[in-house]
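Undergrad: You'll find model_23.txt just under this line, and it carries compact mmCIF, C-alpha atoms and all ligand atoms.
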```txt
# COMPACT_ATOMS: atom_id res chain seq x y z
CA MET M 1099 -23.32 -19.04 -13.64
CA CYS M 1100 -21.89 -18.85 -17.05
CA PHE M 1101 -21.57 -15.61 -18.85
CA LEU M 1102 -21.34 -15.53 -22.56
CA PHE M 1103 -18.49 -14.49 -24.65
CA SER M 1104 -18.93 -12.66 -27.83
CA SER M 1105 -16.57 -11.06 -30.23
CA ASN M 1106 -16.45 -9.96 -33.76
CA VAL M 1107 -15.80 -13.53 -34.87
CA PHE M 1108 -18.55 -15.37 -33.01
CA ALA M 1109 -21.29 -15.06 -30.50
CA TYR M 1110 -23.51 -17.51 -28.69
CA SER M 1111 -26.79 -16.79 -27.13
CA GLU M 1112 -26.98 -19.81 -24.88
CA CYS M 1113 -24.48 -21.72 -22.87
CA ASN M 1114 -25.94 -25.08 -23.74
CA ASP M 1115 -26.89 -24.61 -27.33
CA SER M 1116 -26.59 -28.24 -28.44
CA SER M 1117 -26.66 -27.33 -32.07
CA THR M 1118 -23.38 -25.64 -31.66
CA LEU M 1119 -21.66 -26.12 -28.35
CA HIS M 1120 -22.79 -28.05 -25.34
CA VAL M 1121 -21.18 -26.06 -22.68
CA PRO M 1122 -21.39 -26.85 -19.00
CA CYS M 1123 -21.95 -23.64 -17.20
CA SER M 1124 -20.63 -25.22 -14.07
CA TYR M 1125 -18.54 -28.30 -13.46
CA ASN M 1126 -17.02 -29.37 -10.16
CA GLY M 1127 -18.15 -26.09 -8.77
CA ILE M 1128 -16.17 -24.12 -11.28
CA ASP M 1129 -17.84 -21.79 -13.72
CA TYR M 1130 -16.84 -21.86 -17.33
CA ASN M 1131 -17.04 -19.41 -20.06
CA ILE M 1132 -16.72 -20.03 -23.72
CA GLY M 1133 -14.33 -18.30 -25.94
CA TYR M 1134 -10.83 -17.40 -24.96
CA ALA M 1135 -7.99 -16.52 -27.19
CA ASP M 1136 -4.55 -17.88 -26.57
CA GLY M 1137 -1.44 -15.83 -26.80
CA TYR M 1138 -1.12 -16.60 -30.49
CA GLY M 1139 -4.51 -15.34 -31.55
CA ASP M 1140 -6.04 -18.80 -31.91
CA MET M 1141 -9.14 -19.94 -30.08
CA TYR M 1142 -10.16 -23.43 -29.15
CA TYR M 1143 -13.32 -25.23 -28.32
CA MET M 1144 -14.59 -28.43 -26.76
CA ARG M 1145 -17.94 -29.99 -25.93
CA SER M 1146 -18.78 -31.24 -22.51
CA ALA M 1147 -19.79 -34.70 -23.74
CA TYR M 1148 -18.09 -36.49 -26.62
CA THR M 1149 -15.88 -33.57 -27.03
CA HIS M 1150 -14.21 -33.76 -30.30
CA PHE M 1151 -10.79 -32.37 -30.82
CA ARG M 1152 -8.71 -32.43 -33.89
CA ASP M 1153 -5.06 -31.66 -33.75
CA GLY M 1154 -2.87 -30.07 -36.32
CA ASN M 1155 -2.39 -33.41 -38.10
CA SER M 1156 -6.15 -33.94 -38.45
CA VAL M 1157 -6.13 -36.65 -35.75
CA ASN M 1158 -9.36 -36.78 -33.80
CA TYR M 1159 -9.52 -37.07 -30.04
CA TYR M 1160 -12.64 -37.87 -28.05
CA VAL M 1161 -13.36 -36.97 -24.48
CA ASP M 1162 -16.55 -37.82 -22.65
CA SER M 1163 -15.78 -36.40 -19.28
CA VAL M 1164 -13.50 -33.89 -17.80
CA THR M 1165 -11.80 -33.40 -14.50
CA LEU M 1166 -10.14 -30.16 -13.73
CA PRO M 1167 -7.65 -30.29 -10.89
CA PHE M 1168 -6.52 -26.75 -11.14
CA GLY M 1169 -2.95 -26.55 -10.09
CA GLN M 1170 0.17 -24.78 -11.08
CA GLY M 1171 -1.13 -22.67 -13.86
CA TYR M 1172 -2.87 -25.34 -15.87
CA SER M 1173 -5.50 -27.99 -15.63
CA VAL M 1174 -5.51 -31.47 -17.06
CA ILE M 1175 -8.54 -32.79 -18.81
CA THR M 1176 -8.51 -36.56 -18.73
CA GLU M 1177 -9.47 -38.66 -21.66
CA PRO M 1178 -10.89 -41.85 -20.09
CA ASN M 1179 -12.14 -43.55 -23.21
CA GLY M 1180 -10.19 -41.62 -25.73
CA GLN M 1181 -9.98 -44.41 -28.28
CA ASN M 1182 -6.30 -44.98 -28.82
CA TYR M 1183 -5.39 -42.21 -26.50
CA VAL M 1184 -6.50 -43.52 -23.12
CA ASP M 1185 -3.36 -42.49 -21.34
CA ARG M 1186 -3.24 -39.16 -22.86
CA GLY M 1187 -4.71 -36.00 -21.53
CA LEU M 1188 -5.57 -32.57 -22.55
CA ALA M 1189 -4.02 -29.69 -20.81
CA PHE M 1190 -5.43 -26.29 -20.39
CA TRP M 1191 -3.23 -23.38 -19.64
CA THR M 1192 -5.02 -20.51 -18.08
CA GLY M 1193 -5.38 -17.89 -20.69
CA HIS M 1194 -3.77 -19.97 -23.38
CA GLY M 1195 -6.51 -22.23 -24.70
CA PHE M 1196 -6.38 -26.01 -24.84
CA GLN M 1197 -3.33 -28.00 -25.49
CA TYR M 1198 -2.84 -31.68 -26.14
CA TYR M 1199 -0.51 -33.55 -23.87
CA THR M 1200 1.62 -35.94 -25.87
CA GLY M 1201 2.36 -38.22 -22.94
CA GLY M 1202 6.02 -38.08 -23.68
CA GLY M 1203 6.59 -34.55 -22.61
CA GLY M 1204 5.66 -31.35 -24.21
CA PHE M 1205 2.37 -30.04 -25.41
CA ASN M 1206 0.85 -29.68 -28.82
CA TYR M 1207 -1.89 -27.27 -29.52
CA ILE M 1208 -5.23 -28.75 -30.37
CA TYR M 1209 -7.65 -26.95 -32.52
CA GLU M 1210 -10.82 -27.62 -34.32
CA PRO M 1211 -10.37 -26.72 -37.96
CA ARG M 1212 -13.16 -24.34 -38.51
CA ALA M 1213 -13.42 -20.69 -38.99
CA ASN M 1214 -13.72 -19.89 -35.32
CA TYR M 1215 -12.17 -21.67 -32.40
CA PHE M 1216 -13.33 -21.65 -28.85
CA ALA M 1217 -12.22 -22.75 -25.48
CA TYR M 1218 -13.29 -22.82 -21.89
CA SER M 1219 -11.69 -20.84 -19.19
CA PRO M 1220 -12.39 -21.13 -15.47
CA LEU M 1221 -12.55 -17.39 -15.47
CA ASP M 1222 -12.63 -15.38 -18.59
CA PRO M 1223 -10.36 -13.66 -18.34
CA PRO M 1224 -8.53 -15.31 -15.42
CA PRO M 1225 -8.26 -13.14 -12.31
CA GLN M 1226 -5.75 -10.45 -12.95
CA LEU M 1227 -3.45 -8.98 -10.38
CA THR M 1228 -2.34 -5.41 -10.80
CA VAL M 1229 0.52 -4.35 -8.57
CA SER M 1230 2.04 -0.94 -8.16
CA PRO M 1231 4.85 0.12 -5.92
CA ASP M 1232 4.32 3.48 -4.29
CA PRO M 1233 3.98 5.72 -7.34
CA VAL M 1234 6.00 8.46 -5.73
CA ALA M 1235 8.32 6.65 -3.34
CA GLY M 1236 9.04 3.97 -5.91
CA GLY M 1237 10.51 0.75 -4.64
CA GLY M 1238 10.06 -2.71 -6.09
CA VAL M 1239 7.65 -5.58 -5.87
CA ALA M 1240 8.19 -9.22 -6.73
CA SER M 1241 6.11 -12.33 -6.33
CA SER M 1242 7.72 -15.47 -5.00
CA ASP M 1243 7.15 -17.25 -8.30
CA GLN M 1244 8.50 -14.29 -10.27
CA VAL M 1245 5.29 -13.83 -12.20
CA ILE M 1246 5.19 -10.28 -10.92
CA GLU M 1247 8.38 -8.29 -10.84
CA CYS M 1248 8.08 -4.59 -11.18
CA GLY M 1249 9.37 -1.25 -10.09
CA TYR M 1250 13.03 -2.08 -10.43
CA ASN M 1251 15.51 -3.50 -12.91
CA SER M 1252 13.78 -1.33 -15.48
CA ASN M 1253 10.87 -3.73 -15.35
CA ASN M 1254 7.65 -1.87 -14.79
CA TYR M 1255 5.30 -4.60 -15.94
CA CYS M 1256 2.98 -4.96 -13.02
CA GLN M 1257 0.07 -7.03 -14.22
CA ALA M 1258 -0.34 -10.78 -14.46
CA ASP M 1259 -3.08 -13.39 -14.63
CA PHE M 1260 -3.15 -16.03 -11.95
CA PRO M 1261 -5.16 -19.27 -11.76
CA LEU M 1262 -8.34 -18.94 -9.82
CA ASN M 1263 -7.82 -19.34 -6.07
CA SER M 1264 -4.07 -19.60 -6.39
CA GLU M 1265 -1.93 -18.29 -3.56
CA VAL M 1266 0.26 -15.32 -4.34
CA GLU M 1267 3.07 -14.03 -2.19
CA LEU M 1268 4.32 -10.52 -2.82
CA THR M 1269 7.42 -8.97 -1.33
CA ALA M 1270 7.99 -5.22 -1.32
CA TYR M 1271 11.48 -3.74 -1.55
CA PRO M 1272 11.73 -0.06 -0.64
CA ASN M 1273 14.16 2.30 -2.24
CA THR M 1274 17.01 3.66 -0.19
CA GLY M 1275 15.62 6.24 2.17
CA TYR M 1276 12.25 4.58 2.45
CA ALA M 1277 10.84 1.87 4.60
CA PHE M 1278 8.05 -0.51 3.83
CA ALA M 1279 4.87 0.90 5.33
CA TYR M 1280 1.99 -1.37 4.37
CA TRP M 1281 0.21 -3.14 1.58
CA LEU M 1282 -2.93 -1.59 0.28
CA ASP M 1283 -4.93 -4.60 -0.90
CA GLY M 1284 -8.07 -3.07 -2.32
CA THR M 1285 -9.02 -0.73 0.47
CA THR M 1286 -7.51 -2.79 3.29
CA GLN M 1287 -4.07 -2.20 4.74
CA TYR M 1288 -1.77 -5.08 5.60
CA THR M 1289 1.49 -4.50 7.41
CA ASP M 1290 2.89 -7.96 6.67
CA ASN M 1291 5.72 -8.24 4.18
CA PRO M 1292 5.70 -10.53 2.27
CA HIS M 1293 1.97 -10.26 1.78
CA THR M 1294 0.18 -13.53 0.99
CA PHE M 1295 -3.31 -13.67 -0.38
CA THR M 1296 -5.65 -15.73 -2.55
CA MET M 1297 -6.54 -14.75 -6.09
CA ASP M 1298 -10.26 -15.30 -5.70
CA ALA M 1299 -11.00 -12.22 -7.76
CA GLU M 1300 -9.27 -9.53 -9.69
CA LYS M 1301 -7.12 -7.52 -7.34
CA GLU M 1302 -5.26 -4.28 -7.24
CA VAL M 1303 -2.47 -4.20 -4.71
CA GLU M 1304 -0.15 -1.33 -3.89
CA ALA M 1305 3.05 -1.40 -1.89
CA VAL M 1306 3.29 1.78 0.14
CA PHE M 1307 6.65 3.01 1.38
CA SER M 1308 7.37 5.75 3.84
CA PRO M 1309 10.36 8.04 4.13
CA THR M 1310 12.86 7.51 6.88
CA PHE M 1311 13.40 10.88 8.46
CA ALA M 1312 16.66 11.87 10.07
CA PHE M 1313 16.26 13.60 13.41
CA PRO M 1314 16.54 17.34 12.66
CA LEU M 1315 18.50 18.18 15.83
CA GLN M 1316 22.02 16.81 15.64
CA ILE M 1317 23.08 17.71 19.16
CA ASN M 1318 23.85 15.67 22.26
CA ASN M 1319 23.45 12.48 20.22
CA TYR M 1320 19.74 13.13 20.29
CA THR M 1321 17.43 10.59 18.80
CA PRO M 1322 13.67 11.00 18.49
CA TYR M 1323 13.39 8.97 21.67
CA THR M 1324 16.08 10.63 23.78
CA ALA M 1325 15.59 14.26 22.79
CA PRO M 1326 13.54 16.30 25.27
CA VAL M 1327 9.91 16.62 24.22
CA SER M 1328 7.76 19.36 25.66
CA SER M 1329 4.59 18.76 23.66
CA VAL M 1330 3.44 15.68 21.80
CA PHE M 1331 1.40 15.08 18.69
CA ASP M 1332 -2.19 14.66 19.86
CA HIS M 1333 -3.63 11.43 18.48
CA SER M 1334 -7.07 12.35 19.72
CA GLY M 1335 -7.09 15.57 17.75
CA SER M 1336 -9.80 15.74 15.15
CA ALA M 1337 -8.72 19.25 14.21
CA ASP M 1338 -5.55 21.21 14.77
CA TYR M 1339 -5.53 22.89 18.16
CA SER M 1340 -9.15 21.99 18.69
CA ASP M 1341 -10.14 21.93 22.33
CA SER M 1342 -13.36 20.08 21.79
CA ASP M 1343 -12.51 16.63 23.11
CA HIS M 1344 -10.68 17.64 26.32
CA GLN M 1345 -8.21 14.83 25.80
CA ILE M 1346 -4.66 14.39 24.56
CA VAL M 1347 -3.20 11.06 23.52
CA ASP M 1348 0.47 10.54 22.68
CA PHE M 1349 1.90 8.01 20.25
CA ALA M 1350 2.50 5.50 23.03
CA GLY M 1351 -1.17 5.60 23.94
CA GLU M 1352 -0.71 7.56 27.16
CA THR M 1353 -3.88 9.55 27.66
CA SER M 1354 -4.62 12.68 29.60
CA ASN M 1355 -8.15 13.88 30.07
CA GLN M 1356 -8.21 15.48 33.50
CA THR M 1357 -8.20 19.24 33.14
CA TYR M 1358 -5.21 20.91 34.78
CA TYR M 1359 -7.03 24.10 35.57
CA SER M 1360 -10.04 25.85 34.22
CA GLY M 1361 -9.48 27.15 30.72
CA SER M 1362 -6.24 25.24 30.27
CA THR M 1363 -5.47 23.01 27.36
CA CYS M 1364 -3.24 20.90 29.59
CA TYR M 1365 -4.49 17.64 30.99
CA GLU M 1366 -3.23 14.98 33.35
CA LYS M 1367 -3.81 11.25 33.50
CA ASN M 1368 -6.58 9.70 35.52
CA ASP M 1369 -3.97 8.28 37.89
CA SER M 1370 -1.89 11.49 37.91
CA SER M 1371 1.25 9.58 36.89
CA ALA M 1372 4.03 11.03 34.74
CA PHE M 1373 4.21 10.82 30.95
CA GLY M 1374 7.12 9.64 28.89
CA SER M 1375 6.89 5.91 28.16
CA GLY M 1376 9.22 5.34 25.28
CA PHE M 1377 10.42 8.90 24.93
CA ASN M 1378 11.91 11.74 26.92
CA TYR M 1379 8.90 13.81 27.84
CA THR M 1380 9.84 16.86 29.86
CA GLY M 1381 6.54 18.70 29.86
CA THR M 1382 5.91 22.28 29.03
CA SER M 1383 7.45 24.88 31.28
CA GLY M 1384 4.98 26.35 33.74
CA THR M 1385 2.18 23.96 32.92
CA GLY M 1386 2.77 21.08 35.24
CA GLY M 1387 5.86 19.44 33.77
CA ILE M 1388 5.86 15.76 33.04
CA TYR M 1389 2.47 15.20 34.61
CA TYR M 1390 0.59 17.10 31.96
CA LEU M 1391 0.16 16.98 28.22
CA CYS M 1392 -0.60 20.33 26.68
CA TYR M 1393 -2.06 21.82 23.53
CA ASN M 1394 -5.13 19.89 22.56
CA GLY M 1395 -4.93 18.91 18.93
CA HIS M 1396 -1.20 19.70 18.73
CA PRO M 1397 -0.26 18.59 15.20
CA GLY M 1398 3.49 18.30 15.76
CA THR M 1399 6.17 17.57 18.33
CA ASP M 1400 7.91 20.29 20.32
CA TYR M 1401 11.58 19.86 21.17
CA PRO M 1402 12.88 22.40 23.71
CA VAL M 1403 16.37 23.43 22.63
CA ALA M 1404 18.52 26.47 23.21
CA ASN M 1405 18.20 29.48 20.98
CA ASN M 1406 20.21 29.32 17.75
CA THR M 1407 20.52 25.53 17.62
CA PRO M 1408 21.14 24.22 14.07
CA VAL M 1409 18.14 22.54 12.47
CA TYR M 1410 18.74 20.02 9.68
CA ALA M 1411 16.53 18.79 6.87
CA ALA M 1412 14.83 15.56 7.94
CA ALA M 1413 14.95 14.24 4.38
CA ASP M 1414 15.80 15.41 0.90
CA GLY M 1415 13.42 17.90 -0.59
CA ILE M 1416 12.68 21.41 -1.74
CA ALA M 1417 12.60 24.15 0.88
CA HIS M 1418 9.93 26.81 1.05
CA MET M 1419 9.04 29.62 3.41
CA PRO M 1420 5.26 29.51 3.28
CA SER M 1421 2.96 32.28 4.40
CA SER M 1422 0.39 29.64 5.28
CA PHE M 1423 -0.05 25.87 5.29
CA PRO M 1424 -2.83 23.56 6.50
CA GLY M 1425 -3.60 24.44 10.10
CA TYR M 1426 -1.67 27.73 10.02
CA ALA M 1427 -3.04 30.85 8.41
CA ASN M 1428 0.01 32.96 9.26
CA ALA M 1429 3.00 30.66 9.02
CA GLN M 1430 5.39 33.56 8.66
CA ASN M 1431 4.54 34.57 12.22
CA TYR M 1432 6.40 31.47 13.33
CA ASN M 1433 9.35 31.82 10.95
CA THR M 1434 8.34 28.58 9.28
CA ILE M 1435 10.31 26.48 6.84
CA GLU M 1436 8.53 23.87 4.80
CA ILE M 1437 10.32 21.03 3.02
CA ASP M 1438 8.40 19.27 0.30
CA HIS M 1439 9.92 15.80 0.10
CA GLU M 1440 8.05 15.20 -3.12
CA ASN M 1441 6.89 11.81 -1.96
CA GLY M 1442 3.57 12.69 -0.41
CA TYR M 1443 5.16 14.11 2.74
CA LYS M 1444 6.12 17.59 3.83
CA THR M 1445 7.90 18.58 7.01
CA TYR M 1446 7.58 21.88 8.85
CA TYR M 1447 9.98 23.63 11.21
CA LEU M 1448 8.52 26.44 13.29
CA HIS M 1449 9.70 29.18 15.67
CA LEU M 1450 13.09 29.45 13.94
CA TYR M 1451 15.41 32.19 15.06
CA SER M 1452 16.69 32.42 11.51
CA GLN M 1453 16.16 30.77 8.17
CA ASN M 1454 19.13 29.48 6.26
CA VAL M 1455 17.61 28.55 2.90
CA THR M 1456 16.28 30.29 -0.15
CA GLU M 1457 12.90 29.65 -1.67
CA ASP M 1458 12.87 26.41 -3.73
CA GLN M 1459 16.33 25.44 -2.54
CA GLN M 1460 17.18 21.75 -2.77
CA VAL M 1461 18.05 20.48 0.69
CA TYR M 1462 19.56 17.22 1.76
CA LYS M 1463 18.71 14.87 4.57
CA GLY M 1464 20.83 15.41 7.64
CA GLN M 1465 23.26 17.60 5.70
CA THR M 1466 21.58 20.92 5.01
CA ILE M 1467 21.21 23.27 7.96
CA ILE M 1468 17.93 24.87 7.02
CA GLY M 1469 17.85 27.28 9.92
CA TYR M 1470 18.43 27.87 13.61
CA SER M 1471 15.91 27.28 16.34
CA GLY M 1472 14.36 30.10 18.29
CA ASP M 1473 11.14 31.33 19.86
CA VAL M 1474 9.54 33.32 17.05
CA GLY M 1475 5.82 33.19 17.67
CA ALA M 1476 6.42 31.56 21.04
CA THR M 1477 8.14 34.28 22.95
CA GLY M 1478 10.33 33.00 25.75
CA SER M 1479 9.67 29.36 24.87
CA TYR M 1480 12.65 28.24 22.84
CA HIS M 1481 11.75 25.09 21.00
CA LEU M 1482 11.53 23.52 17.58
CA HIS M 1483 8.01 22.63 16.49
CA PHE M 1484 8.53 19.75 14.07
CA GLU M 1485 5.50 18.75 12.07
CA VAL M 1486 4.95 16.20 9.32
CA GLN M 1487 2.06 16.43 6.89
CA LYS M 1488 0.93 13.74 4.51
CA ASN M 1489 -1.01 14.07 1.29
CA THR M 1490 -4.26 12.16 1.65
CA PRO M 1491 -7.57 12.01 -0.21
CA ASN M 1492 -8.71 14.64 2.30
CA GLY M 1493 -5.80 16.90 1.54
CA TRP M 1494 -2.64 17.49 3.51
CA VAL M 1495 -3.07 16.46 7.11
CA PRO M 1496 -0.63 16.22 10.03
CA VAL M 1497 0.73 12.79 10.93
CA ASP M 1498 2.88 11.65 13.82
CA PRO M 1499 6.38 10.53 12.75
CA TYR M 1500 6.42 8.37 15.86
CA GLY M 1501 3.61 6.29 14.40
CA TRP M 1502 1.36 4.59 16.89
CA THR M 1503 2.73 2.18 19.50
CA GLY M 1504 -0.19 2.24 21.89
CA SER M 1505 -2.40 -0.74 22.53
CA GLY M 1506 -5.56 -0.93 20.51
CA THR M 1507 -6.42 1.19 17.54
CA ASP M 1508 -4.84 4.56 16.94
CA PRO M 1509 -7.58 7.08 17.81
CA TYR M 1510 -6.25 9.38 15.09
CA THR M 1511 -8.57 9.11 12.12
CA ARG M 1512 -7.33 11.72 9.68
CA ALA M 1513 -4.52 9.52 8.33
CA THR M 1514 -2.60 6.39 9.19
CA ASN M 1515 0.31 7.07 11.51
CA ILE M 1516 3.39 5.02 10.78
CA THR M 1517 6.88 5.40 12.17
CA LEU M 1518 8.80 7.69 9.88
CA TRP M 1519 12.08 7.91 11.77
CA GLU M 1520 15.05 6.13 10.30
ZN ZN U 1 4.29 22.97 18.68
```
What does this structure look like when you write it as structure tokens?
TA:
Amino acid sequence: MCFLFSSNVFAYSECNDSSTLHVPCSYNGIDYNIGYADGYGDMYYMRSAYTHFRDGNSVNYYVDSVTLPFGQGYSVITEPNGQNYVDRGLAFWTGHGFQYYTGGGGFNYIYEPRANYFAYSPLDPPPQLTVSPDPVAGGGVASSDQVIECGYNSNNYCQADFPLNSEVELTAYPNTGYAFAYWLDGTTQYTDNPHTFTMDAEKEVEAVFSPTFAFPLQINNYTPYTAPVSSVFDHSGSADYSDSDHQIVDFAGETSNQTYYSGSTCYEKNDSSAFGSGFNYTGTSGTGGIYYLCYNGHPGTDYPVANNTPVYAAADGIAHMPSSFPGYANAQNYNTIEIDHENGYKTYYLHLYSQNVTEDQQVYKGQTIIGYSGDVGATGSYHLHFEVQKNTPNGWVPVDPYGWTGSGTDPYTRATNITLWE
């Protein structure tokens, strides 16, 4: 199918109007359009049979057939009976009109000396790739052939035309403090980096980076995987603290769905085995220990630590002491600190014994002690509730900084869970 080009300098009503241009709508399976300006404002034209070109020295060239082996950014149009120019060809650069190949190296532009010039293009315009690094997290993106290079070195140009069906390889480079998360290619996520794809259409691709959070409890050489955990982020939670699905799933895919006792929100596995694959699960005191996961829909991770343990900012950001935040109508009841990392993520620290920041204070990853752990709002249960929320099209929703390491698909549907720990 050929669609017609029109502009303020010319317009054609038919693709194969022999009185003007005889344009093949399709040749070798490739669709053509007429009319494409080169980078210099000129336009070029040819006819499909007995195409007549005239170069800048008024020399005529004749072509009665074309072959178009699209390759590295240009196509060669052969000139099989081109009078004195049998061995010569015509080259077409995508987006740059026709050129005449001299045979000795180099290209001369060919044009037909008339008021308006026309040319074919396999796509008009050629498929364009628009790339953006994470608009908040930044980072850089480069293609292997350096056609695209943006987001760093002060080069923010992130659009380029590519030949139809060419292969493009993009590599994402996160800024310090971020990790590559995934490519958003249209609406599909790809976790490969570099990301290779075919330019069979116009595309918009975004490199998404995630913050690398420092563990907020700098005691006993704790890491996210060695620190005691008394309650996990529930990947089966469709709503915070909802008890509707009678099931809790941790980031490793361990699932509990056997009710501990009537009315409880603690559940054990079908085989009654202990939890803790990949992390130090201790269970919640008085609710069955390591054999039970508790708090259906729990939107954070609970770390049992002694009262008055220093709590550090997980990443740079601005500290707040909110009266409410998504999922919590009365955040002050839990002595909550919120840190807005200004990159689409916020972290929350609950049950603090004391707060050690002022409203809107700039805090620094792993350096600023934002407060001291306690049991406010959880009397007698000293622990830090650490929660991460992500800005999504559906608003701010909790995500699990442990990502998802279970087999199969993450049952959590409110956002994509990726590992956020450094
Ligand atoms: Zn909690």
Undergrad: Calculated over all atoms listed in the file, which of the candidates M:Tyr1280, M:Tyr1401, M:Tyr1271, M:Phe1295 has the smallest distance to Pro1326 of chain M?
TA: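 That would be M:Tyr1401, the residue with the smallest distance to Pro1326 of chain M.
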Undergrad: I'd like to know which of M:Ser1471, M:Ser1264, M:Ser1241, M:Thr1357 is closest to His1483 of chain M, using all atoms listed in the file.
TA: M:Ser1471
Undergrad: Using all atoms listed in the file, which residue out of M:Ala1312, M:Ala1325, M:Ala1337, M:Leu1448 lies closest to ligand ZN 1 (chain U)?
TA: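 Counting all atoms listed in the file, the residue closest to ligand ZN 1 (chain U) is M:Leu1448.
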Undergrad: Neighbours of ligand ZN 1 (chain U) within 7 Å, counting all atoms listed in the file, as a ChimeraX atom specification?
TA: /M:1329,1396,1398-1400,1483
Undergrad: Within 7 Å of (5.1, 0.3, 21.0), in the coordinates the file gives, what residues turn up when you count only C-alpha atoms, written out as number ranges by chain?
TA: M: 1350, 1503-1504
Undergrad: I'd like the interatomic distance between atom CA of Asn1431 of chain M and atom CA of Tyr1393 of chain M, to a tenth of an Å.
TA: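 A separation of 18.3 Å between them.
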Undergrad: Between atom CA of Gln1430 of chain M and atom CA of Ile1468 of chain M, what is the distance, to one decimal in Å?
TA: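 The value is 15.3 Å.
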Undergrad: Please compute the atom CA of His1333 of chain M-atom CA of Asp1348 of chain M distance, one decimal, in Å.
TA: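 For atom CA of His1333 of chain M relative to atom CA of Asp1348 of chain M, the distance reads 5.9 Å.
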Undergrad: May I have the residues within 9 Å of segment 1315-1317 of chain M as a list in words, using only C-alpha atoms and disregarding those fewer than 3 positions away in the same chain?
TA: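 The filter keeps Ala1312, Tyr1320, Thr1321, Ala1325, Tyr1401, Val1403, Thr1407, Pro1408, Val1409, Tyr1410, Gly1464 and Leu1482 of chain M.
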Undergrad: Write the residues of the preceding selection, restricted to C-alpha atoms, as a compact mmCIF listing (two decimals), in the frame of the given file.
TA:
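The file below, result29.txt, is the result:
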```
# COMPACT_ATOMS: atom_id res chain seq x y z
CA ALA M 1312 16.66 11.87 10.07
CA TYR M 1320 19.74 13.13 20.29
CA THR M 1321 17.43 10.59 18.80
CA ALA M 1325 15.59 14.26 22.79
CA TYR M 1401 11.58 19.86 21.17
CA VAL M 1403 16.37 23.43 22.63
CA THR M 1407 20.52 25.53 17.62
CA PRO M 1408 21.14 24.22 14.07
CA VAL M 1409 18.14 22.54 12.47
CA TYR M 1410 18.74 20.02 9.68
CA GLY M 1464 20.83 15.41 7.64
CA LEU M 1482 11.53 23.52 17.58
```
Undergrad: For Val1495 of chain M, list every protein, DNA or RNA residue within 12 Å, evaluated using only C-alpha atoms, and leave out those in the same chain fewer than 3 positions away; present the list as a PyMOL selection string.
TA: chain M and resi 1335-1338+1397-1398+1423-1426+1442-1445+1485-1492+1498+1510-1515
Undergrad: May I ask which of the residues M:Ser1421, M:Asn1406, M:Thr1269, M:Thr1434 is the closest one to Tyr1470 of chain M, counting only C-alpha atoms?
TA: M:Asn1406
Undergrad: Just checking: using only C-alpha atoms, which residue out of M:Gly1415, M:Gly1284, M:Gly1395, M:Gly1351 ends up closest to Thr1363 of chain M?
TA: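 Result for the nearest residue to Thr1363 of chain M: M:Gly1395.
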Undergrad: Find the residues near Ala1279 of chain M: any atom within 8 Å, counting only C-alpha atoms, skip ones fewer than 3 places away on the same chain, and give them as a ChimeraX atom specification.
TA: /M:1289,1305-1308,1516
Undergrad: Can you list, as a PDB file with C-alpha atoms, keeping the file's coordinate frame, every protein, DNA or RNA residue that comes within 12 Å of Glu1302 of chain M when you count all atoms listed in the file, leaving out same-chain residues fewer than 6 positions away?
TA:
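And here's selection_19.pdb as it stands now:
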```pdb
ATOM      1  CA  PRO M1225      -8.260 -13.140 -12.310  1.00  0.00           C
ATOM      2  CA  GLN M1226      -5.750 -10.450 -12.950  1.00  0.00           C
ATOM      3  CA  LEU M1227      -3.450  -8.980 -10.380  1.00  0.00           C
ATOM      4  CA  THR M1228      -2.340  -5.410 -10.800  1.00  0.00           C
ATOM      5  CA  VAL M1229       0.520  -4.350  -8.570  1.00  0.00           C
ATOM      6  CA  SER M1230       2.040  -0.940  -8.160  1.00  0.00           C
ATOM      7  CA  PRO M1231       4.850   0.120  -5.920  1.00  0.00           C
ATOM      8  CA  CYS M1256       2.980  -4.960 -13.020  1.00  0.00           C
ATOM      9  CA  GLN M1257       0.070  -7.030 -14.220  1.00  0.00           C
ATOM     10  CA  ALA M1258      -0.340 -10.780 -14.460  1.00  0.00           C
ATOM     11  CA  ASP M1259      -3.080 -13.390 -14.630  1.00  0.00           C
ATOM     12  CA  TRP M1281       0.210  -3.140   1.580  1.00  0.00           C
ATOM     13  CA  LEU M1282      -2.930  -1.590   0.280  1.00  0.00           C
ATOM     14  CA  ASP M1283      -4.930  -4.600  -0.900  1.00  0.00           C
ATOM     15  CA  GLY M1284      -8.070  -3.070  -2.320  1.00  0.00           C
ATOM     16  CA  THR M1285      -9.020  -0.730   0.470  1.00  0.00           C
ATOM     17  CA  THR M1286      -7.510  -2.790   3.290  1.00  0.00           C
ATOM     18  CA  PHE M1295      -3.310 -13.670  -0.380  1.00  0.00           C
TER      19      PHE M1295
END
```
Undergrad: Find the residue from M:Pro1509, M:Phe1377, M:Asn1433, M:Pro1314 that sits nearest to Tyr1462 of chain M; use all atoms listed in the file when measuring.
TA: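 So, comparing all the options, the nearest one is M:Pro1314.
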